[in-house]
Each structure stands twice: as C-alpha cells, then as structure tokens.
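Reproduced below: work_8.txt, with compact mmCIF, C-alpha atoms.
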```
# COMPACT_ATOMS: atom_id res chain seq x y z
CA MET P 164 -16.34 -8.82 29.83
CA SER P 165 -15.89 -12.55 29.87
CA THR P 166 -15.60 -14.48 26.65
CA LEU P 167 -17.73 -17.15 28.33
CA LEU P 168 -20.70 -14.84 28.04
CA GLN P 169 -20.24 -14.45 24.34
CA THR P 170 -22.41 -16.56 22.12
CA THR P 171 -21.70 -17.90 18.70
CA ALA P 172 -22.93 -15.11 16.48
CA LEU P 173 -21.59 -16.31 13.19
CA ASP P 174 -20.83 -19.69 11.63
CA THR P 175 -20.74 -19.58 7.89
CA VAL P 176 -18.81 -20.89 4.92
CA VAL P 177 -17.43 -18.60 2.24
CA GLU P 178 -17.03 -20.53 -0.97
CA ALA P 179 -13.98 -20.15 -3.19
CA GLY P 180 -14.19 -16.86 -5.07
CA ASP P 181 -17.03 -15.52 -2.94
CA GLY P 182 -16.90 -12.83 -0.25
CA ALA P 183 -18.53 -11.47 2.87
CA LEU P 184 -19.09 -8.24 4.78
CA ILE P 185 -19.21 -8.88 8.52
CA ALA P 186 -20.04 -6.32 11.22
CA VAL P 187 -18.06 -7.19 14.34
CA PRO P 188 -18.82 -5.18 17.49
CA ALA P 189 -16.06 -4.00 19.82
CA GLY P 190 -14.75 -6.98 21.78
CA GLY P 191 -16.14 -9.49 19.32
CA ARG P 192 -13.92 -12.24 17.99
CA LEU P 193 -13.86 -13.30 14.35
CA ARG P 194 -12.09 -16.52 13.42
CA ILE P 195 -11.19 -17.44 9.85
CA VAL P 196 -10.55 -21.14 9.34
CA ASP P 197 -8.46 -22.28 6.38
CA THR P 198 -10.59 -25.39 6.00
CA HIS P 199 -8.63 -27.04 3.20
CA GLY P 200 -5.25 -25.31 3.60
CA ASN P 201 -3.24 -22.82 1.54
CA GLN P 202 -6.18 -20.52 0.86
CA ALA P 203 -5.55 -16.77 0.73
CA VAL P 204 -8.28 -14.73 2.40
CA ASP P 205 -8.03 -11.11 1.27
CA THR P 206 -9.34 -8.90 4.07
CA LEU P 207 -10.03 -5.20 4.65
CA LEU P 208 -11.19 -3.60 7.90
CA TYR P 209 -13.20 -0.41 8.37
CA ASP P 210 -14.31 1.63 11.36
CA ALA P 211 -18.03 0.83 11.30
CA ASN P 212 -18.85 4.45 12.13
CA ASP P 213 -16.58 6.02 9.49
CA ILE P 214 -15.42 3.98 6.51
CA ASP P 215 -12.73 6.55 5.69
CA ASN P 216 -11.02 5.34 8.86
CA ARG P 217 -9.91 2.10 7.23
CA TYR P 218 -7.19 -0.50 7.59
CA SER P 219 -3.74 0.71 6.58
CA ALA P 220 -1.22 -1.96 5.68
CA PHE P 221 1.86 0.25 5.68
CA ASP P 222 0.98 2.09 8.90
CA THR P 223 0.48 -1.33 10.51
CA VAL P 224 3.83 -2.63 9.21
CA ARG P 225 5.74 0.47 10.31
CA GLU P 226 4.26 0.72 13.79
CA GLN P 227 4.96 -2.96 14.56
CA GLY P 228 8.41 -2.76 12.97
CA ALA P 229 7.87 -5.96 11.02
CA VAL P 230 6.51 -7.02 7.63
CA TYR P 231 4.47 -10.10 8.58
CA LEU P 232 1.31 -10.26 10.69
CA THR P 233 0.75 -12.75 13.50
CA THR P 234 -0.57 -13.00 17.08
CA GLY P 235 -0.23 -9.61 18.75
CA SER P 236 -0.25 -7.60 15.54
CA ARG P 237 -2.32 -4.45 16.02
CA LEU P 238 -4.26 -3.76 12.84
CA LEU P 239 -4.18 0.02 12.52
CA SER P 240 -6.24 2.45 10.51
CA THR P 241 -5.19 5.31 8.26
CA ARG P 242 -5.61 7.52 11.35
CA LEU P 243 -3.54 5.12 13.47
CA ASP P 244 -6.55 3.92 15.42
CA GLU P 245 -6.46 0.26 16.46
CA LEU P 246 -9.25 -1.48 14.55
CA ALA P 247 -8.50 -5.02 15.73
CA VAL P 248 -5.76 -7.20 17.15
CA ILE P 249 -4.77 -10.67 16.00
CA THR P 250 -5.38 -12.64 19.18
CA ASP P 251 -4.92 -16.21 17.94
CA ASP P 252 -3.00 -17.64 15.02
CA THR P 253 -2.21 -21.29 14.40
CA CYS P 254 -0.73 -20.49 10.97
CA GLY P 255 2.01 -18.18 12.26
CA ARG P 256 2.42 -15.64 9.53
CA HIS P 257 0.26 -13.60 7.18
CA ASP P 258 0.98 -11.12 4.39
CA THR P 259 -0.11 -7.50 4.14
CA ILE P 260 2.14 -6.05 1.44
CA GLY P 261 1.08 -8.24 -1.52
CA GLY P 262 -2.28 -6.57 -2.11
CA ALA P 263 -5.30 -8.12 -3.78
CA CYS P 264 -5.63 -9.56 -7.24
CA SER P 265 -7.64 -7.68 -9.84
CA GLN P 266 -8.42 -8.38 -13.46
CA GLU P 267 -6.01 -5.60 -14.34
CA SER P 268 -3.13 -6.80 -12.18
CA ASN P 269 -3.69 -10.32 -13.51
CA VAL P 270 -3.13 -8.97 -17.03
CA ILE P 271 0.12 -7.38 -15.88
CA ARG P 272 1.36 -10.44 -14.04
CA TYR P 273 0.14 -13.28 -16.25
CA GLY P 274 -0.89 -11.81 -19.58
CA GLU P 275 -3.97 -10.75 -21.52
CA HIS P 276 -5.48 -14.25 -21.44
CA THR P 277 -6.31 -13.77 -17.74
CA ARG P 278 -8.28 -10.52 -18.31
CA HIS P 279 -11.67 -12.11 -17.71
CA GLN P 280 -10.81 -14.36 -14.81
CA HIS P 281 -12.54 -13.60 -11.52
CA ALA P 282 -10.45 -11.58 -9.06
CA CYS P 283 -10.61 -10.23 -5.49
CA ARG P 284 -11.19 -6.60 -6.45
CA GLN P 285 -14.61 -7.39 -7.94
CA THR P 286 -15.60 -9.27 -4.80
CA PHE P 287 -14.52 -6.34 -2.59
CA LEU P 288 -16.56 -3.92 -4.68
CA VAL P 289 -19.67 -6.12 -4.76
CA TYR P 290 -19.74 -6.81 -1.01
CA GLY P 291 -18.62 -3.27 -0.10
CA GLU P 292 -21.17 -1.44 -2.21
CA PRO P 293 -24.13 -1.62 0.23
CA VAL P 294 -22.16 0.33 2.85
CA GLY P 295 -20.57 2.81 0.44
CA ILE P 296 -17.22 1.09 -0.03
CA GLY P 297 -16.19 1.86 -3.61
CA GLN P 298 -12.93 2.19 -5.49
CA ARG P 299 -11.68 5.11 -3.39
CA GLN P 300 -12.31 3.19 -0.18
CA LEU P 301 -10.26 0.14 -1.17
CA GLY P 302 -6.96 0.37 0.64
CA HIS P 303 -4.17 -2.19 0.69
CA ASN P 304 -5.40 -5.39 2.29
CA ILE P 305 -4.33 -8.27 4.49
CA ASN P 306 -3.81 -11.68 2.89
CA PHE P 307 -4.48 -14.16 5.65
CA PHE P 308 -2.70 -17.50 5.16
CA MET P 309 -0.64 -16.10 2.28
CA ASN P 310 3.14 -16.29 2.21
CA VAL P 311 4.99 -13.40 0.56
CA PRO P 312 8.52 -13.46 1.93
CA VAL P 313 10.76 -10.41 1.58
CA ASP P 314 14.47 -10.40 2.27
CA SER P 315 17.30 -8.10 3.26
CA THR P 316 18.35 -7.59 -0.37
CA GLY P 317 14.96 -6.12 -1.22
CA ASN P 318 13.53 -9.10 -3.08
CA LEU P 319 9.93 -10.26 -2.72
CA HIS P 320 8.43 -13.61 -3.71
CA PHE P 321 5.15 -15.47 -3.75
CA GLU P 322 5.58 -18.89 -2.24
CA ASP P 323 3.45 -21.83 -1.38
CA GLY P 324 1.40 -21.19 1.70
CA VAL P 325 2.64 -21.84 5.21
CA SER P 326 -0.92 -22.75 6.10
CA ALA P 327 -2.52 -26.19 6.24
CA PRO P 328 -6.03 -27.67 6.58
CA GLY P 329 -7.75 -26.50 9.76
CA LYS P 330 -5.35 -23.67 10.63
CA HIS P 331 -7.02 -20.51 11.77
CA VAL P 332 -6.47 -16.87 12.61
CA GLU P 333 -8.62 -14.88 15.02
CA LEU P 334 -9.21 -11.13 15.31
CA THR P 335 -10.60 -9.30 18.30
CA ALA P 336 -12.28 -6.04 17.35
CA SER P 337 -10.97 -3.00 19.21
CA ARG P 338 -14.01 -0.95 18.18
CA ASP P 339 -17.07 -1.60 16.05
CA ILE P 340 -15.67 -2.66 12.69
CA LEU P 341 -16.70 -3.94 9.30
CA VAL P 342 -14.65 -6.81 7.90
CA LEU P 343 -14.70 -7.08 4.12
CA ILE P 344 -13.51 -10.45 2.84
CA SER P 345 -12.70 -11.87 -0.56
CA ASN P 346 -11.94 -15.57 -0.59
CA CYS P 347 -9.31 -15.36 -3.30
CA PRO P 348 -10.09 -16.94 -6.69
CA GLN P 349 -6.53 -16.66 -8.02
CA LEU P 350 -5.56 -19.62 -10.24
CA ASN P 351 -2.23 -18.38 -11.58
CA ASN P 352 0.08 -18.55 -8.57
CA PRO P 353 0.60 -20.81 -5.54
CA CYS P 354 -1.23 -18.54 -3.06
CA ASN P 355 -4.26 -20.85 -3.14
CA GLY P 356 -2.33 -24.03 -3.79
CA TRP P 357 -3.49 -23.73 -7.43
CA ASN P 358 -6.98 -24.71 -6.28
CA PRO P 359 -9.12 -22.11 -4.47
CA THR P 360 -11.22 -23.64 -1.67
CA ALA P 361 -13.86 -22.64 0.88
CA VAL P 362 -13.08 -21.08 4.27
CA GLN P 363 -15.18 -20.97 7.45
CA LEU P 364 -15.97 -17.83 9.42
CA LEU P 365 -16.79 -18.15 13.11
CA GLY P 366 -17.79 -15.18 15.24
CA TRP P 367 -18.38 -14.71 18.97
CA TRP P 368 -19.97 -11.59 20.36
CA GLU P 369 -23.04 -10.49 22.25
CA MET I 3 8.82 24.22 -24.53
CA SER I 4 11.21 24.18 -21.66
CA GLY I 5 10.76 22.66 -18.28
CA TYR I 6 10.93 24.17 -14.84
CA SER I 7 12.53 23.72 -11.47
CA HIS I 8 11.01 24.20 -8.04
CA GLU I 9 12.50 23.78 -4.58
CA ILE I 10 10.33 22.50 -1.73
CA PRO I 11 11.69 23.11 1.76
CA GLY I 12 11.75 20.37 4.40
CA GLY I 13 8.48 19.95 6.25
CA ALA I 14 6.36 21.20 3.36
CA ALA I 15 4.02 19.70 0.77
CA TRP I 16 3.34 20.32 -2.91
CA SER I 17 1.29 19.01 -5.79
CA ALA I 18 1.33 19.48 -9.53
CA PRO I 19 -0.25 17.98 -12.61
CA VAL I 20 2.43 16.62 -14.95
CA ARG I 21 1.65 15.62 -18.50
CA THR I 22 2.63 12.34 -20.08
CA GLY I 23 6.16 11.90 -21.41
CA ARG I 24 7.78 14.29 -18.92
CA GLU I 25 10.81 13.53 -16.83
CA ILE I 26 10.51 14.44 -13.16
CA THR I 27 13.84 14.61 -11.35
CA LEU I 28 13.83 14.79 -7.57
CA THR I 29 17.10 15.96 -5.98
CA ALA I 30 17.72 15.64 -2.25
CA LEU I 31 18.73 18.99 -0.77
CA GLY I 32 20.12 17.44 2.40
CA ALA I 33 21.28 14.18 3.99
CA ASP I 34 18.69 11.59 5.00
CA ALA I 35 16.01 13.16 2.83
CA SER I 36 12.63 11.42 2.60
CA VAL I 37 10.03 12.59 0.12
CA SER I 38 6.64 10.89 0.46
CA VAL I 39 5.04 10.70 -2.98
CA LEU I 40 1.46 9.91 -4.00
CA LEU I 41 0.52 9.54 -7.67
CA PHE I 42 -2.86 9.73 -9.41
CA GLY I 43 -3.68 8.85 -12.99
CA ALA I 44 -5.22 11.03 -15.65
CA ASP I 45 -8.74 10.71 -14.20
CA ARG I 46 -7.56 11.65 -10.66
CA LEU I 47 -9.31 8.53 -9.38
CA ASP I 48 -7.00 5.74 -10.45
CA ARG I 49 -3.95 5.85 -8.19
CA LEU I 50 -0.60 4.34 -7.30
CA ASN I 51 -0.87 0.77 -6.06
CA VAL I 52 2.32 -0.06 -4.18
CA PRO I 53 1.48 -3.74 -3.54
CA ASP I 54 0.74 -4.35 -7.23
CA THR I 55 3.91 -2.47 -8.19
CA LEU I 56 6.07 -4.52 -5.85
CA LYS I 57 4.60 -7.97 -6.47
CA ALA I 58 4.59 -7.59 -10.27
CA GLN I 59 8.29 -6.77 -10.21
CA LEU I 60 9.23 -9.02 -7.26
CA SER I 61 10.76 -6.21 -5.26
CA ALA I 62 10.33 -5.02 -1.68
CA CYS I 63 11.39 -1.50 -2.62
CA VAL I 64 11.20 0.93 -5.55
CA ARG I 65 14.28 1.15 -7.74
CA ALA I 66 15.26 1.77 -11.36
CA PRO I 67 14.00 0.72 -13.87
CA MET I 68 10.73 -0.35 -12.18
CA VAL I 69 7.36 0.86 -13.41
CA LEU I 70 4.97 2.44 -10.88
CA MET I 71 1.56 0.86 -11.45
CA SER I 72 -2.00 1.95 -10.71
CA ASP I 73 -5.04 0.23 -9.20
CA ARG I 74 -6.32 -0.31 -12.74
CA GLY I 75 -3.16 -1.88 -14.03
CA LEU I 76 -1.72 1.09 -15.89
CA ALA I 77 1.80 2.46 -15.77
CA LEU I 78 1.81 5.85 -14.04
CA ALA I 79 5.54 6.49 -14.25
CA SER I 80 8.79 4.64 -14.78
CA VAL I 81 11.87 5.02 -12.62
CA VAL I 82 14.34 6.04 -15.32
CA SER I 83 17.40 6.35 -13.13
CA SER I 84 18.51 6.95 -9.57
CA SER I 85 21.73 7.46 -7.65
CA LEU I 86 20.25 5.24 -4.92
CA GLU I 87 19.38 1.56 -5.12
CA TRP I 88 16.48 1.51 -2.68
CA HIS I 89 13.48 3.79 -2.17
CA ASP I 90 11.22 2.78 0.72
CA ALA I 91 7.62 1.87 -0.12
CA LEU I 92 6.75 -0.22 2.97
CA THR I 93 6.50 2.22 5.86
CA GLY I 94 4.07 4.95 4.81
CA PHE I 95 4.17 8.67 5.51
CA GLY I 96 4.58 10.40 8.85
CA HIS I 97 1.62 11.35 11.05
CA ASP I 98 1.24 14.17 13.55
CA VAL I 99 1.83 11.68 16.37
CA HIS I 100 5.38 11.18 15.12
CA LEU I 101 6.06 14.86 15.85
CA GLU I 102 4.83 14.74 19.44
CA ARG I 103 8.34 14.12 20.76
CA PHE I 104 9.14 17.69 19.77
CA ALA I 105 7.84 20.80 21.49
CA PRO I 106 4.39 21.93 20.38
CA SER I 107 4.55 23.95 17.20
CA SER I 108 2.14 26.26 15.47
CA TYR I 109 2.12 29.02 12.93
CA ALA I 110 1.58 31.51 15.76
CA THR I 111 4.81 30.50 17.49
CA ASP I 112 7.02 29.34 14.64
CA ARG I 113 5.59 31.08 11.56
CA ASN I 114 6.44 29.08 8.42
CA ASP I 115 8.89 26.86 10.26
CA TRP I 116 6.04 25.20 12.18
CA ARG I 117 6.22 21.44 12.21
CA ARG I 118 3.60 19.53 10.27
CA SER I 119 3.55 15.88 9.37
CA ALA I 120 3.69 14.51 5.83
CA ARG I 121 0.12 13.26 6.24
CA THR I 122 -1.17 16.71 7.10
CA GLY I 123 0.59 18.16 4.07
CA LEU I 124 -0.60 15.41 1.72
CA VAL I 125 -4.24 15.78 2.80
CA SER I 126 -3.97 19.56 2.38
CA GLU I 127 -2.74 19.10 -1.18
CA LEU I 128 -5.38 16.45 -1.99
CA THR I 129 -8.10 18.79 -0.83
CA LYS I 130 -6.98 21.43 -3.34
CA HIS I 131 -7.75 18.98 -6.12
CA GLY I 132 -11.16 17.96 -4.84
CA LEU I 133 -9.71 14.82 -3.28
CA SER I 134 -9.58 13.93 0.40
CA GLU I 135 -8.28 11.61 3.09
CA ALA I 136 -10.12 8.79 1.30
CA ASP I 137 -7.65 9.11 -1.56
CA LEU I 138 -4.53 8.52 0.55
CA HIS I 139 -2.70 5.36 -0.48
CA GLY I 140 0.59 3.61 0.05
CA CYS I 141 3.32 6.11 -0.82
CA VAL I 142 6.90 5.86 -2.00
CA ASN I 143 9.37 7.49 0.39
CA PHE I 144 11.98 8.48 -2.14
CA PHE I 145 15.58 8.59 -0.79
CA ALA I 146 14.60 6.66 2.37
CA ARG I 147 15.88 3.15 2.90
CA VAL I 148 14.66 0.56 5.35
CA GLY I 149 16.60 -2.48 6.39
CA ILE I 150 14.76 -5.82 6.44
CA THR I 151 16.04 -8.61 8.67
CA ASP I 152 15.83 -12.18 7.40
CA ASP I 153 13.91 -13.42 10.44
CA ASP I 154 10.46 -14.88 11.17
CA ARG I 155 8.80 -11.49 11.53
CA GLY I 156 10.46 -9.66 8.65
CA THR I 157 11.74 -7.09 11.15
CA LEU I 158 12.36 -3.74 9.53
CA GLY I 159 13.71 -0.34 10.50
CA LEU I 160 14.94 2.88 8.94
CA LEU I 161 18.57 3.03 7.86
CA THR I 162 20.15 6.46 8.12
CA GLY I 163 23.32 7.82 6.58
CA ILE I 164 22.37 6.50 3.13
CA ALA I 165 20.91 9.46 1.21
CA ARG I 166 23.19 12.44 0.79
CA GLU I 167 22.65 15.93 -0.53
CA GLY I 168 22.57 15.74 -4.32
CA ASP I 169 21.15 12.23 -4.60
CA THR I 170 18.59 12.02 -7.40
CA VAL I 171 15.82 9.92 -8.82
CA THR I 172 14.21 10.52 -12.21
CA LEU I 173 10.70 9.39 -13.15
CA ARG I 174 9.16 9.42 -16.62
CA THR I 175 5.40 9.97 -16.67
CA GLU I 176 3.56 7.33 -18.69
CA GLN I 177 0.21 9.15 -18.63
CA ASP I 178 -0.99 12.52 -17.36
CA VAL I 179 -0.51 12.31 -13.61
CA LEU I 180 -1.14 14.31 -10.48
CA LEU I 181 2.02 14.34 -8.39
CA VAL I 182 1.51 14.94 -4.66
CA LEU I 183 4.46 15.01 -2.30
CA ALA I 184 5.48 15.95 1.22
CA THR I 185 8.89 16.50 2.79
CA GLY I 186 7.90 15.86 6.41
CA PRO I 187 10.30 13.68 8.41
CA HIS I 188 10.24 9.95 7.75
CA PRO I 189 7.98 8.41 10.42
CA LEU I 190 10.81 6.18 11.68
CA ASP I 191 13.32 9.05 11.85
CA THR I 192 14.41 9.52 15.47
CA SER I 193 16.80 12.41 14.90
CA ASP I 194 16.26 16.09 15.65
CA TYR I 195 13.67 17.85 13.53
CA ALA I 196 15.54 18.89 10.36
CA PRO I 197 13.75 17.39 7.35
CA ALA I 198 15.62 17.94 4.09
CA GLY I 199 14.02 19.73 1.19
CA VAL I 200 13.84 18.51 -2.38
CA ARG I 201 14.24 20.10 -5.79
CA VAL I 202 11.73 19.03 -8.42
CA GLU I 203 12.66 19.49 -12.06
CA VAL I 204 10.15 18.75 -14.79
CA ALA I 205 11.44 18.44 -18.34
CA VAL I 206 10.06 17.21 -21.65
CA GLY I 207 11.35 13.68 -22.00
CA SER I 208 11.55 11.25 -24.85
CA MET I 209 9.64 8.01 -25.27
CA THR I 210 12.00 5.35 -26.57
CA PRO I 211 10.33 2.00 -25.88
CA ALA I 212 12.60 0.04 -28.22
CA ASP I 213 15.68 0.23 -26.04
CA ASP I 214 14.17 1.53 -22.84
CA ALA I 215 15.27 -0.11 -19.60
CA SER I 216 11.77 -0.12 -18.08
CA TRP I 217 10.17 -1.70 -21.16
CA GLY I 218 12.93 -4.31 -21.10
CA PHE I 219 13.00 -4.87 -17.33
CA ARG I 220 10.36 -7.56 -16.91
CA ASP I 221 7.41 -8.80 -18.95
CA GLU I 222 5.15 -7.42 -16.19
CA SER I 223 6.73 -3.95 -16.51
CA ALA I 224 6.25 -3.96 -20.29
CA ARG I 225 2.60 -5.06 -19.97
CA ALA I 226 1.81 -2.18 -17.59
CA LEU I 227 3.47 0.24 -20.02
CA GLU I 228 1.53 -1.28 -22.91
CA GLN I 229 -1.78 -0.86 -21.05
CA ALA I 230 -0.95 2.82 -20.41
CA ARG I 231 0.04 3.29 -24.05
CA ARG I 232 -3.39 2.04 -25.12
CA VAL I 233 -5.03 4.88 -23.19
CA LEU I 234 -3.05 7.36 -25.28
CA VAL I 235 -4.00 5.83 -28.65
```
Could you spell out this file's structure in structure tokens?
Amino acid sequence: MSTLLQTTALDTVVEAGDGALIAVPAGGRLRIVDTHGNQAVDTLLYDANDIDNRYSAFDTVREQGAVYLTTGSRLLSTRLDELAVITDDTCGRHDTIGGACSQESNVIRYGEHTRHQHACRQTFLVYGEPVGIGQRQLGHNINFFMNVPVDSTGNLHFEDGVSAPGKHVELTASRDILVLISNCPQLNNPCNGWNPTAVQLLGWWE
Amino acid sequence: MSGYSHEIPGGAAWSAPVRTGREITLTALGADASVSVLLFGADRLDRLNVPDTLKAQLSACVRAPMVLMSDRGLALASVVSSSLEWHDALTGFGHDVHLERFAPSSYATDRNDWRRSARTGLVSELTKHGLSEADLHGCVNFFARVGITDDDRGTLGLLTGIAREGDTVTLRTEQDVLLVLATGPHPLDTSDYAPAGVRVEVAVGSMTPADDASWGFRDESARALEQARRVLV
C-alpha cells in the first residue's frame, strides 16, 4: 500500500473545549496539528470492532520501557494489541500518565470554585456515547502536546508545553480504530498555555 | 468486632468488600513481592484513577500518606504507613504473554501451582462481582519499585532486591470499597517463576482527621477525603 494512493479523508478543526470521534481504518494516518501551540489534546483509542479492547496507558509505558510517547511508540490495548503507532512527531514528547481533567478532579486540584468548569471527561462521554463508550469504557488517556515530566526521585510535575504553533503528531492505525478526542478546556494549569485553542485534524486513508 | 487475616499464595488472586474506616495491611511473604491492586468505590462502578491520584499529589509512585482517588474525585483509601517508600503505579499488571518464557502450564499438569498471570486472576475476580474486563484500570503494584532515568524518554525499568519478606503497607478505607488483587509476577520481572504471596489483614481502624497525615499531606489530598466524607453524611 502506497501512501501516495491515499486521499485526504479528513480536514477539520476542533475548537477549544470541543471533541471528536474519528474512525480510522487500518493503515490510515491521522495527524493532529497544534495550530496555536501548547494545547493538550486528550486522546483515547479503541479497537473499532470491540471497544473493550481499548488503549492502555500503563501497558504502553511498560512495553516500551519509557514514560513519554514519541515517534515509534506503539500504542497498545488492554489486550496488548497494537492499535496504532506514532509515525511522525515534530513536538518530540507527549504524556500518557497525567490522565484527563474532570469536574471532580478539578475540585480536588483547584478547589470547589472550579466544580462547574468544562472538563475533558464530559467531552469524552458526549462524543463516545453514540458508539457505547460510557464511564466504564474510559481508560487512561494520551495527552498529546502535554508535558508532565517525572524524575528519578519519584516526583511528577505539570510544566509549560514543549509544543509550539504548527507542531504536529501523526498516528498510523494498525487495525481499524476509533479515536476519541477532547480538545482540553483546562484553564487552571499551564497545559494549554492558560488559553485553550483550536487544533486541526488531518486524515489520509482510502 | 475483630478483624481477620488471610494469606494469598504467589500466583493467585483474591477479592473482598471492605467497609469504610477499616485498615488493610498487606505484608510481603517473600522478597521482590508485587501485589497488583484494583479498587472500586461503594457503587462498584467508580474506580481507582491512578493518573488523577498521581497528578493531584505530584508523585510518580504511590507512597504514604497519599490518598488513592477515584474517577469521580473521591478518596477510596489512604496510605497510612509503609515500610517502603515507593509502590509502582506506572507499569500495570502482568499478562499471560509475560509467562510464555516458562514452560506451558495448566491445572492438568501442575494442579494448583499452575502459572496464571495477574490479569487472568484479576478478570476472574471481577467476573465474580458482575464486573468484567471493561472494569480493569491502572493498578498499584504494591511492594514493586521501578527506576526512572532522567533522560528524554523517561526510561524506566523494574528494580529488584528492594522489597523483602515482612515489608508492609497499610491502607485505610475512606468509603466502602471492593478490593481486588493478584500476586502474579510483576510483568517486568525476569527472574525464575517464584511470585511471593501476601498476607492481608483487615482491622477496624480509627478516623482521626484532625491530626491525620493524609488529611494534612496536601490540600488536594484533604479535598478528596472531604468529598468522600460527604458521601457518608
């Protein structure tokens, strides 16, 4: 299969705080462009034929022997099937241990005054619902363009993004997958540069 | 009311409902023990959220006096004390594929010493409670320690020779929980098949928020405990 034969199947903008559910066939490439820079894109992957076979952050981390995701990272499922591979990455490093924001975790992290702020978990549930993705099907996600460094002493931090305007990351699907995206609305930490912005999704497949 | 004690051999799995305000003490029964633990809240639907637990308390591992937090932002349990400073929560539980380097094993050939992965045991226990593979989530591998390298990839690997027989960790339940655990080998363990067992002791604990280390650890820890307390009002 030559990529030259693949046509542009997707070219869309996901506004700040919005989401998307994208079906990517095996061999298809999905590119996420951090249009304005420092924008966390919370992402979950599912086997399109069995949503219980879903992305597993900790299986992915263990099997690659490294915490951060970048080009070459095999994104594994809870059954250790390869759902996709990161095949291009101009950012260089992405998080998968920081999870998504929710109204409830915002209360824990920032206080009761953030209870009614929009959060990724709602977006996941809204866009996942049509295909049966509910609370039980939400595993621990990838945060593209987000920087959550850990160190040898066991500390973990949220830092300003390593991304910049125009940087992108590209997945190639290893089987038919569903990609569930929340373009993070978080206002209380530097993961979105304190100002959530739109991202572009580009897809190439037959 | 007195508590109880139960020993789980290596390579086995177990589950038990534990009411709020109990102290659960896990004791390693051998060196290099690794006990993969899943936790569910009172409704058996809300469950341990390792990423939320770690990021709220700025830690890459579980250690005293951290609070273990759920998807819905409630404290499930607090780590009251531990003889170890690091419990792995980044590398998940073992799968059957991690046992393929050993000879094939079955009940027919090995009786109750047959080798099963932590995942197989965890799913078996979940099924008993009407749950399933869909309810698997990031676990804590108590007693296991990984080493993280300060490099561009965040390279990590299992460190052995840390946990010894007799090492302990004590959790206090902050709501009624379902405890699910497996003693299969850690998935990064490359040694011969000899997973250590664990003793589980459940005792009636005391709730002393005023001078409690978990309530006083971080504002985030206290807020998770406060949200769980509201459920019990």
Please identify all polymer residues within 7 Å of Cys63 of chain I, counting all atoms listed in the file, omitting same-chain residues fewer than 3 positions from it, and present them as a PDB file with C-alpha atoms, in the coordinates of the input.
```pdb
ATOM      1  CA  GLY P 317      14.960  -6.120  -1.220  1.00  0.00           C
TER       2      GLY P 317
ATOM      3  CA  LEU I  56       6.070  -4.520  -5.850  1.00  0.00           C
ATOM      4  CA  TRP I  88      16.480   1.510  -2.680  1.00  0.00           C
ATOM      5  CA  HIS I  89      13.480   3.790  -2.170  1.00  0.00           C
ATOM      6  CA  ASP I  90      11.220   2.780   0.720  1.00  0.00           C
ATOM      7  CA  ALA I  91       7.620   1.870  -0.120  1.00  0.00           C
TER       8      ALA I  91
END
```
Exercise. For chain I, work out the contacting residues on chain P at 7 Å, counting all atoms listed in the file, and write them as number ranges by chain.
Key: P: 215, 221-222, 224-225, 228-231, 260-262, 267-268, 271-272, 299-300, 302, 313-315, 317-320
Quiz prompt | Computed interatomic separation between atom CA of Val179 of chain I and atom CA of Phe287 of chain P (Å) | solution = 25.8 Å
Quiz item: Contacts of segment 196-205 of chain P at 10 Å or less, counting only C-alpha atoms, minus same-chain residues fewer than 3 places along, as number ranges by chain?
Solution: P: 176-177, 179-180, 182, 193, 253-254, 257-259, 261-264, 283-284, 286-287, 303-310, 323-333, 343-349, 353-365
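Closest to Leu31 of chain I among I:Pro106, I:Gly132, I:Pro197, I:Pro19 is I:Pro197, based on only C-alpha atoms.
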Is it possible to get the axis-aligned box enclosing segment 175-186 of chain P (all listed atoms, 4 Å extra per side) as JSON, with centre and edge lengths in Å rounded to one decimal?
```
{"center_x": -17.4, "center_y": -13.6, "center_z": 3.1, "size_x": 14.8, "size_y": 22.6, "size_z": 24.3}
```
Compute the distance from (18.6, 0.8, -17.5) to each atom, counting all atoms listed in the file, keep the residues with any atom at most 12 Å away, and return them as a compact mmCIF listing (two decimals) with C-alpha atoms, in the coordinates of the input; use the coordinates of the file.
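The resulting selection-v2.txt:
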```txt
# COMPACT_ATOMS: atom_id res chain seq x y z
CA ARG I 65 14.28 1.15 -7.74
CA ALA I 66 15.26 1.77 -11.36
CA PRO I 67 14.00 0.72 -13.87
CA MET I 68 10.73 -0.35 -12.18
CA VAL I 69 7.36 0.86 -13.41
CA SER I 80 8.79 4.64 -14.78
CA VAL I 81 11.87 5.02 -12.62
CA VAL I 82 14.34 6.04 -15.32
CA SER I 83 17.40 6.35 -13.13
CA SER I 84 18.51 6.95 -9.57
CA THR I 172 14.21 10.52 -12.21
CA PRO I 211 10.33 2.00 -25.88
CA ASP I 213 15.68 0.23 -26.04
CA ASP I 214 14.17 1.53 -22.84
CA ALA I 215 15.27 -0.11 -19.60
CA SER I 216 11.77 -0.12 -18.08
CA TRP I 217 10.17 -1.70 -21.16
CA GLY I 218 12.93 -4.31 -21.10
CA PHE I 219 13.00 -4.87 -17.33
CA ARG I 220 10.36 -7.56 -16.91
```
Practice problem: For atom CA of Ser107 of chain I and atom CA of Val39 of chain I, quote the distance in Å rounded to one decimal. | Solution: 24.1 Å
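Distance check against Val125 of chain I using all atoms listed in the file: of P:Ile185, P:Arg242, P:Val294, P:Arg278, the minimum falls on P:Arg242.
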Quiz item: Which residue, P:Asp174, P:Asp210, P:Asp251, P:Glu369, has the smallest gap to Leu239 of chain P when you use only C-alpha atoms?
Solution: P:Asp210
